[in-house]
$ cat structure-v7.tsv   # TSV, C-alpha atoms
chain	number	residue	atom	x	y	z
A	1	MET	CA	-142.28	35.21	-144.24
A	2	PHE	CA	-141.65	33.72	-140.80
A	3	ASP	CA	-139.03	31.46	-142.39
A	4	LEU	CA	-136.75	34.43	-142.82
A	5	ILE	CA	-136.76	35.55	-139.20
A	6	GLU	CA	-134.08	33.13	-138.00
A	7	PRO	CA	-131.51	33.96	-140.74
A	8	ILE	CA	-132.13	37.71	-140.34
A	9	VAL	CA	-131.65	37.60	-136.56
A	10	PHE	CA	-128.60	35.40	-137.06
A	11	ALA	CA	-127.09	37.88	-139.53
A	12	ILE	CA	-127.67	40.84	-137.18
A	13	LEU	CA	-126.10	38.97	-134.25
A	14	ALA	CA	-123.18	37.79	-136.39
A	15	VAL	CA	-122.41	41.35	-137.52
A	16	GLY	CA	-122.66	42.49	-133.90
A	17	ILE	CA	-120.30	39.77	-132.64
A	18	VAL	CA	-117.61	40.13	-135.30
A	19	GLY	CA	-117.79	43.93	-135.47
A	20	ALA	CA	-117.72	44.53	-131.72
A	21	ALA	CA	-114.98	41.94	-131.15
A	22	ALA	CA	-112.85	43.49	-133.89
A	23	ALA	CA	-113.43	46.90	-132.31
A	24	VAL	CA	-112.26	45.55	-128.92
A	25	VAL	CA	-108.96	44.63	-130.55
A	26	LEU	CA	-108.61	47.75	-132.69
A	27	ILE	CA	-109.87	50.59	-130.48
A	28	ASP	CA	-107.41	52.52	-128.34
A	29	ARG	CA	-109.78	53.83	-125.64
A	30	ILE	CA	-109.89	51.07	-123.09
A	31	THR	CA	-113.23	51.93	-121.48
A	32	SER	CA	-114.93	51.73	-124.87
A	33	ALA	CA	-113.19	48.40	-125.42
A	34	ALA	CA	-114.63	47.04	-122.16
A	35	LEU	CA	-118.17	48.15	-123.03
A	36	LEU	CA	-117.85	46.75	-126.57
A	37	MET	CA	-116.76	43.47	-125.00
A	38	ALA	CA	-119.99	43.49	-122.96
A	39	PHE	CA	-121.92	44.09	-126.20
A	40	THR	CA	-120.17	41.10	-127.80
A	41	PHE	CA	-121.20	38.93	-124.86
A	42	LEU	CA	-124.80	40.15	-125.21
A	43	CYS	CA	-124.83	39.20	-128.92
A	44	VAL	CA	-123.43	35.75	-128.05
A	45	ALA	CA	-126.28	35.38	-125.52
A	46	GLY	CA	-128.66	36.16	-128.40
A	47	MET	CA	-127.04	33.37	-130.41
A	48	PHE	CA	-127.59	30.98	-127.49
A	49	LEU	CA	-131.27	31.95	-127.52
A	50	LEU	CA	-131.39	31.33	-131.27
A	51	LEU	CA	-129.94	27.85	-130.69
A	52	GLY	CA	-132.64	27.19	-128.09
A	53	ALA	CA	-130.34	27.18	-125.05
A	54	GLU	CA	-132.20	29.57	-122.78
A	55	ALA	CA	-130.53	28.59	-119.51
A	56	VAL	CA	-127.04	29.09	-120.94
A	57	ALA	CA	-128.11	32.46	-122.36
A	58	LEU	CA	-129.35	33.47	-118.89
A	59	PHE	CA	-126.05	32.44	-117.29
A	60	GLN	CA	-124.19	34.31	-120.02
A	61	VAL	CA	-126.03	37.56	-119.26
A	62	LEU	CA	-125.64	37.12	-115.50
A	63	ILE	CA	-121.98	36.10	-115.39
A	64	TYR	CA	-120.36	37.65	-118.46
A	65	VAL	CA	-122.39	40.80	-119.13
A	66	GLY	CA	-122.83	41.40	-115.42
A	67	ALA	CA	-119.99	40.14	-113.28
A	68	ILE	CA	-116.99	39.83	-115.59
A	69	THR	CA	-117.60	43.18	-117.30
A	70	VAL	CA	-117.78	44.89	-113.90
A	71	LEU	CA	-114.53	43.19	-112.82
A	72	ILE	CA	-112.80	44.29	-116.03
A	73	LEU	CA	-114.09	47.85	-115.54
A	74	TYR	CA	-112.62	47.78	-112.01
A	75	GLY	CA	-109.31	46.80	-113.55
A	76	VAL	CA	-109.60	49.68	-116.03
A	77	MET	CA	-110.41	52.06	-113.18
A	78	PHE	CA	-107.45	51.12	-110.99
A	79	THR	CA	-104.75	51.14	-113.65
A	80	PRO	CA	-103.48	54.12	-115.63
A	81	GLN	CA	-104.06	54.08	-119.37
A	82	ARG	CA	-101.56	55.63	-121.67
A	83	HIS	CA	-102.58	56.35	-125.22
A	84	ARG	CA	-100.30	54.45	-127.50
A	85	ALA	CA	-102.19	54.73	-130.75
A	86	TYR	CA	-99.14	54.34	-132.93
A	87	ALA	CA	-97.53	51.73	-130.73
A	88	LEU	CA	-100.60	49.57	-131.10
A	89	PHE	CA	-99.91	48.00	-134.48
A	90	PHE	CA	-96.33	48.80	-135.30
A	91	GLN	CA	-94.49	46.41	-133.06
A	92	LYS	CA	-92.10	43.64	-133.80
A	93	GLN	CA	-94.69	40.97	-132.96
A	94	THR	CA	-97.43	42.26	-135.26
A	95	PRO	CA	-96.38	40.85	-138.69
A	96	LEU	CA	-95.62	37.43	-137.25
A	97	ALA	CA	-98.93	37.42	-135.37
A	98	GLY	CA	-100.84	38.35	-138.53
A	99	VAL	CA	-99.20	35.60	-140.59
A	100	VAL	CA	-99.71	32.91	-137.94
A	101	VAL	CA	-103.33	33.83	-137.26
A	102	ALA	CA	-104.18	34.01	-140.98
A	103	LEU	CA	-102.45	30.70	-141.71
A	104	ILE	CA	-104.39	28.90	-138.98
A	105	ALA	CA	-107.67	30.80	-139.30
A	106	LEU	CA	-108.43	30.21	-142.98
A	107	PRO	CA	-108.38	26.36	-142.90
A	108	VAL	CA	-110.32	26.37	-139.62
A	109	LEU	CA	-113.01	28.66	-141.06
A	110	VAL	CA	-113.39	26.44	-144.15
A	111	PHE	CA	-113.39	23.28	-142.02
A	112	SER	CA	-115.95	24.60	-139.55
A	113	PHE	CA	-118.33	25.58	-142.34
A	114	SER	CA	-118.31	21.96	-143.56
A	115	PHE	CA	-120.19	20.67	-140.48
A	116	LYS	CA	-123.77	19.76	-141.21
A	117	ASP	CA	-126.78	19.46	-138.97
A	118	ALA	CA	-127.92	16.03	-137.93
A	119	PRO	CA	-130.31	14.82	-140.67
A	120	ASP	CA	-132.95	13.45	-138.31
A	121	LEU	CA	-132.93	16.38	-135.91
A	122	GLN	CA	-136.16	16.74	-134.01
A	123	PRO	CA	-137.22	20.07	-132.57
A	124	ARG	CA	-135.98	20.08	-129.02
A	125	GLY	CA	-137.32	21.77	-125.94
A	126	GLY	CA	-135.35	24.09	-123.71
A	127	ASP	CA	-132.01	23.08	-122.28
A	128	LEU	CA	-132.74	23.66	-118.61
A	129	ILE	CA	-133.89	20.11	-117.78
A	130	PRO	CA	-131.01	18.21	-119.51
A	131	LEU	CA	-128.55	20.75	-118.10
A	132	ALA	CA	-129.85	20.36	-114.55
A	133	THR	CA	-130.14	16.56	-114.61
A	134	SER	CA	-126.61	16.08	-115.89
A	135	LEU	CA	-125.11	18.85	-113.73
A	136	PHE	CA	-126.52	17.35	-110.52
A	137	GLY	CA	-126.31	13.74	-111.73
A	138	ASP	CA	-123.29	12.61	-113.71
A	139	TYR	CA	-121.31	15.80	-113.20
A	140	ALA	CA	-122.03	16.36	-109.51
A	141	PHE	CA	-118.41	15.77	-108.45
A	142	PRO	CA	-116.87	18.18	-111.03
A	143	PHE	CA	-119.53	20.69	-109.97
A	144	GLU	CA	-118.33	20.50	-106.35
A	145	VAL	CA	-114.70	20.74	-107.48
A	146	ALA	CA	-115.63	23.86	-109.47
A	147	SER	CA	-117.07	25.46	-106.32
A	148	VAL	CA	-113.82	24.71	-104.46
A	149	LEU	CA	-111.91	26.27	-107.37
A	150	LEU	CA	-114.02	29.43	-107.13
A	151	LEU	CA	-113.37	29.63	-103.38
A	152	ALA	CA	-109.63	29.18	-103.89
A	153	ALA	CA	-109.59	31.82	-106.64
A	154	MET	CA	-111.46	34.26	-104.39
A	155	VAL	CA	-109.07	33.73	-101.47
A	156	GLY	CA	-106.08	33.95	-103.82
A	157	ALA	CA	-107.30	37.20	-105.35
A	158	ILE	CA	-107.80	38.75	-101.90
A	159	VAL	CA	-104.32	37.64	-100.77
A	160	LEU	CA	-102.70	38.98	-103.94
A	161	VAL	CA	-104.30	42.43	-103.74
A	162	ARG	CA	-104.11	42.84	-99.95
A	163	ARG	CA	-101.62	45.39	-98.66
A	164	ASP	CA	-99.24	44.24	-95.97
A	165	GLU	CA	-99.48	46.20	-92.76
A	166	ASP	CA	-95.74	46.76	-92.38
A	167	GLU	CA	-95.32	47.73	-96.03
A	168	GLU	CA	-96.39	51.30	-95.29
A	169	LEU	CA	-93.81	51.83	-92.54
A	170	PRO	CA	-90.62	53.64	-93.47
B	1	MET	CA	-135.32	28.50	-143.47
B	2	HIS	CA	-132.85	27.03	-141.08
B	3	VAL	CA	-129.46	28.46	-140.16
B	4	PRO	CA	-126.99	25.56	-140.58
B	5	LEU	CA	-124.62	24.40	-137.88
B	6	GLY	CA	-121.63	25.46	-139.98
B	7	ALA	CA	-122.68	29.12	-139.85
B	8	TYR	CA	-122.60	29.12	-136.03
B	9	LEU	CA	-119.19	27.45	-136.07
B	10	VAL	CA	-117.85	30.03	-138.54
B	11	ILE	CA	-118.93	32.84	-136.21
B	12	SER	CA	-117.42	30.98	-133.26
B	13	SER	CA	-114.05	30.48	-134.95
B	14	ALA	CA	-114.02	34.07	-136.24
B	15	LEU	CA	-114.57	35.31	-132.67
B	16	PHE	CA	-111.82	32.99	-131.44
B	17	PHE	CA	-109.26	34.23	-133.96
B	18	ILE	CA	-110.15	37.87	-133.29
B	19	GLY	CA	-109.36	37.11	-129.65
B	20	VAL	CA	-106.08	35.43	-130.63
B	21	ALA	CA	-105.07	38.46	-132.71
B	22	GLY	CA	-105.87	40.73	-129.77
B	23	VAL	CA	-103.81	38.68	-127.32
B	24	LEU	CA	-100.88	38.64	-129.73
B	25	THR	CA	-100.88	42.34	-130.68
B	26	ARG	CA	-102.18	44.31	-127.69
B	27	ARG	CA	-99.74	45.13	-124.92
B	28	ASN	CA	-102.11	46.37	-122.23
B	29	ALA	CA	-102.64	43.59	-119.67
B	30	VAL	CA	-106.31	44.46	-119.09
B	31	VAL	CA	-107.06	44.35	-122.83
B	32	ILE	CA	-105.31	40.98	-123.05
B	33	LEU	CA	-107.65	39.68	-120.33
B	34	MET	CA	-110.62	40.97	-122.34
B	35	CYS	CA	-109.42	39.13	-125.46
B	36	VAL	CA	-108.99	35.91	-123.46
B	37	GLU	CA	-112.62	36.28	-122.37
B	38	LEU	CA	-113.64	36.64	-126.03
B	39	MET	CA	-111.82	33.38	-126.85
B	40	LEU	CA	-113.53	31.54	-123.98
B	41	ASN	CA	-116.88	32.83	-125.22
B	42	ALA	CA	-116.15	31.55	-128.73
B	43	ALA	CA	-115.53	28.09	-127.26
B	44	ASN	CA	-118.86	28.34	-125.42
B	45	LEU	CA	-120.66	29.16	-128.66
B	46	ALA	CA	-119.14	26.11	-130.39
B	47	LEU	CA	-120.06	23.85	-127.45
B	48	VAL	CA	-123.68	25.01	-127.39
B	49	ALA	CA	-124.02	24.78	-131.19
B	50	PHE	CA	-122.72	21.20	-131.23
B	51	SER	CA	-124.84	20.12	-128.31
B	52	ARG	CA	-128.02	21.55	-129.85
B	53	ARG	CA	-127.55	20.62	-133.49
B	54	PHE	CA	-125.10	17.73	-133.83
B	55	GLY	CA	-127.45	14.79	-133.61
B	56	ALA	CA	-125.58	11.83	-132.19
B	57	ILE	CA	-124.37	13.72	-129.16
B	58	ASP	CA	-126.96	14.22	-126.49
B	59	GLN	CA	-127.72	17.63	-125.11
B	60	ARG	CA	-125.24	17.51	-122.28
B	61	GLY	CA	-122.57	19.52	-124.04
B	62	SER	CA	-124.04	22.58	-122.35
B	63	VAL	CA	-122.75	21.25	-119.01
B	64	PHE	CA	-119.22	22.12	-120.04
B	65	VAL	CA	-120.33	25.67	-120.75
B	66	VAL	CA	-121.15	26.00	-117.04
B	67	PHE	CA	-117.64	24.82	-116.16
B	68	VAL	CA	-116.16	27.28	-118.67
B	69	PHE	CA	-118.14	30.05	-116.94
B	70	VAL	CA	-116.63	29.04	-113.59
B	71	ILE	CA	-113.09	28.89	-114.97
B	72	ALA	CA	-113.54	32.26	-116.72
B	73	ALA	CA	-114.72	33.94	-113.52
B	74	ALA	CA	-111.80	32.51	-111.53
B	75	GLU	CA	-109.35	33.42	-114.29
B	76	VAL	CA	-110.43	37.04	-114.58
B	77	ALA	CA	-110.44	37.52	-110.79
B	78	VAL	CA	-106.94	36.11	-110.28
B	79	GLY	CA	-105.66	37.75	-113.47
B	80	LEU	CA	-106.82	41.19	-112.40
B	81	ALA	CA	-105.33	40.62	-108.94
B	82	ILE	CA	-101.97	39.78	-110.53
B	83	VAL	CA	-102.19	42.86	-112.80
B	84	LEU	CA	-103.00	45.11	-109.84
B	85	SER	CA	-100.23	43.75	-107.63
B	86	ALA	CA	-97.72	44.00	-110.49
B	87	TYR	CA	-98.91	47.57	-111.01
B	88	ARG	CA	-98.26	48.30	-107.33
B	89	ASN	CA	-94.64	47.16	-107.64
B	90	ARG	CA	-93.98	48.98	-110.91
B	91	PRO	CA	-96.51	51.55	-112.12
B	92	THR	CA	-97.25	50.09	-115.54
B	93	VAL	CA	-99.70	47.62	-117.04
B	94	ASP	CA	-97.72	47.26	-120.25
B	95	VAL	CA	-96.72	43.64	-120.58
B	96	ASP	CA	-93.57	44.58	-122.47
B	97	GLU	CA	-92.34	46.55	-119.48
B	98	VAL	CA	-93.35	44.06	-116.80
B	99	ARG	CA	-90.47	41.62	-117.00
B	100	ALA	CA	-90.27	40.35	-113.45
B	101	LEU	CA	-93.30	38.82	-111.75
B	102	LYS	CA	-91.31	38.25	-108.57
B	103	GLY	CA	-92.39	40.68	-105.89
$ encode --input "structure-v7.tsv" --output "structure tokens"
Amino acid sequence: MFDLIEPIVFAILAVGIVGAAAAVVLIDRITSAALLMAFTFLCVAGMFLLLGAEAVALFQVLIYVGAITVLILYGVMFTPQRHRAYALFFQKQTPLAGVVVALIALPVLVFSFSFKDAPDLQPRGGDLIPLATSLFGDYAFPFEVASVLLLAAMVGAIVLVRRDEDEELP
Amino acid sequence: MHVPLGAYLVISSALFFIGVAGVLTRRNAVVILMCVELMLNAANLALVAFSRRFGAIDQRGSVFVVFVFVIAAAEVAVGLAIVLSAYRNRPTVDVDEVRALKG
């Protein structure tokens, strides 16, 4: 009976991910799209938990479900949204996009299903200790570079959005 | 029963291609940013699945997920700043109508 718990939870999360992501693409109301995107991220965090990566799942909830969703909602709030329900799928790019995506997606789906688990896989503990030892050991320099990148992105975003003082003058 | 590695990768690639379809068909700049985030998250799922289940590799694949988080946060912040400043110059967020990025 307990053997079935993992496939059932996996199936629920998979339906949540694919359904909510498809709804993000298909739905016309942009606020609903943003909240469905947050739901997709939450389901992906559940998949991380199912894989035994608790620390990554925690970061996912903090950064994606928290910070990035709020940023996207700010973007929705500050920009006007026109309803273009009919313009959504009847554009000149749409048939080409469908053909290209289908042509690439089908072989990739078949190929990715062919991966097998390692045969001698032992049950592993959480991922916090290997994550921390490699992040502050082998990958300490890229970690510092990433913090510089975040600082540069923050300064760049402020400079881009800032209003010039003399812009308001006639 | 054990969910195989291939099932996680199928979900990951399905999420990635849904994001690709969204980027290619939607014209609203904010929705395009959302779909890019979905694609980055699909890559994260594949990285974590390989690092937890693909035996020969050790568990350090999750490190790259942290870097993807950092890049995604920087990308969405700068991307929204560009969208907002483009909107200030011309009041539209439709990428078909924004032809000039030069302020």
$ atom_distance --input "structure-v7.tsv" --atom1 "CA of Val24 in chain A" --atom2 "CA of Leu36 in chain A"
6.2 Å
$ closest_residue --input "structure-v7.tsv" --among "A:Ala53, A:Leu35, A:Ala21, A:Ala45" --to "Leu131 in chain A" --atoms "all atoms listed in the file"
A:Ala53
$ atom_distance --input "structure-v7.tsv" --atom1 "CA of Leu45 in chain B" --atom2 "CA of Val10 in chain B"
10.3 Å
$ atom_distance --input "structure-v7.tsv" --atom1 "CA of Leu9 in chain B" --atom2 "CA of Ser112 in chain A"
5.5 Å
$ closest_residue --input "structure-v7.tsv" --among "B:Ser12, B:Ser51, B:Asn89, B:Thr25" --to "chain A" --atoms "all atoms listed in the file"
B:Thr25
$ residues_near_point --input "structure-v7.tsv" --point "(-123.8, 31.1, -143.6)" --cutoff "10 Å" --atoms "only C-alpha atoms" --output "ChimeraX atom specification"
/A:7,10-11,14,113 /B:3-11
$ closest_residue --input "structure-v7.tsv" --among "A:Arg29, A:Lys92, A:Lys116, A:Arg163" --to "chain B" --atoms "only C-alpha atoms"
A:Lys116
$ closest_residue --input "structure-v7.tsv" --among "A:Leu128, A:Ala118, A:Val65, A:Ala140" --to "chain B" --atoms "all atoms listed in the file"
A:Ala118
$ interface_residues --input "structure-v7.tsv" --of "chain A" --to "chain B" --cutoff "7 Å" --atoms "all atoms listed in the file" --output "PyMOL selection string"
chain A and resi 3-4+6-7+14+18+21-22+25+51+68+75-76+88-89+93-94+97+101+105+109+112-118+121+130-131+134-135+146+150+153+156-157+160-161
$ write_last_selection --input "structure-v7.tsv" --atoms "C-alpha atoms" --output "PDB file, in the coordinates of the input"
ATOM      1  CA  ASP A   3    -139.030  31.460-142.390  1.00  0.00           C
ATOM      2  CA  LEU A   4    -136.750  34.430-142.820  1.00  0.00           C
ATOM      3  CA  GLU A   6    -134.080  33.130-138.000  1.00  0.00           C
ATOM      4  CA  PRO A   7    -131.510  33.960-140.740  1.00  0.00           C
ATOM      5  CA  ALA A  14    -123.180  37.790-136.390  1.00  0.00           C
ATOM      6  CA  VAL A  18    -117.610  40.130-135.300  1.00  0.00           C
ATOM      7  CA  ALA A  21    -114.980  41.940-131.150  1.00  0.00           C
ATOM      8  CA  ALA A  22    -112.850  43.490-133.890  1.00  0.00           C
ATOM      9  CA  VAL A  25    -108.960  44.630-130.550  1.00  0.00           C
ATOM     10  CA  LEU A  51    -129.940  27.850-130.690  1.00  0.00           C
ATOM     11  CA  ILE A  68    -116.990  39.830-115.590  1.00  0.00           C
ATOM     12  CA  GLY A  75    -109.310  46.800-113.550  1.00  0.00           C
ATOM     13  CA  VAL A  76    -109.600  49.680-116.030  1.00  0.00           C
ATOM     14  CA  LEU A  88    -100.600  49.570-131.100  1.00  0.00           C
ATOM     15  CA  PHE A  89     -99.910  48.000-134.480  1.00  0.00           C
ATOM     16  CA  GLN A  93     -94.690  40.970-132.960  1.00  0.00           C
ATOM     17  CA  THR A  94     -97.430  42.260-135.260  1.00  0.00           C
ATOM     18  CA  ALA A  97     -98.930  37.420-135.370  1.00  0.00           C
ATOM     19  CA  VAL A 101    -103.330  33.830-137.260  1.00  0.00           C
ATOM     20  CA  ALA A 105    -107.670  30.800-139.300  1.00  0.00           C
ATOM     21  CA  LEU A 109    -113.010  28.660-141.060  1.00  0.00           C
ATOM     22  CA  SER A 112    -115.950  24.600-139.550  1.00  0.00           C
ATOM     23  CA  PHE A 113    -118.330  25.580-142.340  1.00  0.00           C
ATOM     24  CA  SER A 114    -118.310  21.960-143.560  1.00  0.00           C
ATOM     25  CA  PHE A 115    -120.190  20.670-140.480  1.00  0.00           C
ATOM     26  CA  LYS A 116    -123.770  19.760-141.210  1.00  0.00           C
ATOM     27  CA  ASP A 117    -126.780  19.460-138.970  1.00  0.00           C
ATOM     28  CA  ALA A 118    -127.920  16.030-137.930  1.00  0.00           C
ATOM     29  CA  LEU A 121    -132.930  16.380-135.910  1.00  0.00           C
ATOM     30  CA  PRO A 130    -131.010  18.210-119.510  1.00  0.00           C
ATOM     31  CA  LEU A 131    -128.550  20.750-118.100  1.00  0.00           C
ATOM     32  CA  SER A 134    -126.610  16.080-115.890  1.00  0.00           C
ATOM     33  CA  LEU A 135    -125.110  18.850-113.730  1.00  0.00           C
ATOM     34  CA  ALA A 146    -115.630  23.860-109.470  1.00  0.00           C
ATOM     35  CA  LEU A 150    -114.020  29.430-107.130  1.00  0.00           C
ATOM     36  CA  ALA A 153    -109.590  31.820-106.640  1.00  0.00           C
ATOM     37  CA  GLY A 156    -106.080  33.950-103.820  1.00  0.00           C
ATOM     38  CA  ALA A 157    -107.300  37.200-105.350  1.00  0.00           C
ATOM     39  CA  LEU A 160    -102.700  38.980-103.940  1.00  0.00           C
ATOM     40  CA  VAL A 161    -104.300  42.430-103.740  1.00  0.00           C
TER      41      VAL A 161
END
$ axis_aligned_box --input "structure-v7.tsv" --around "range 19-38 of chain A" --padding-each-side "6 Å" --output "lines of an AutoDock Vina configuration file"
center_x = -113.7
center_y = 47.9
center_z = -128.5
size_x = 24.6
size_y = 23.9
size_z = 26.0
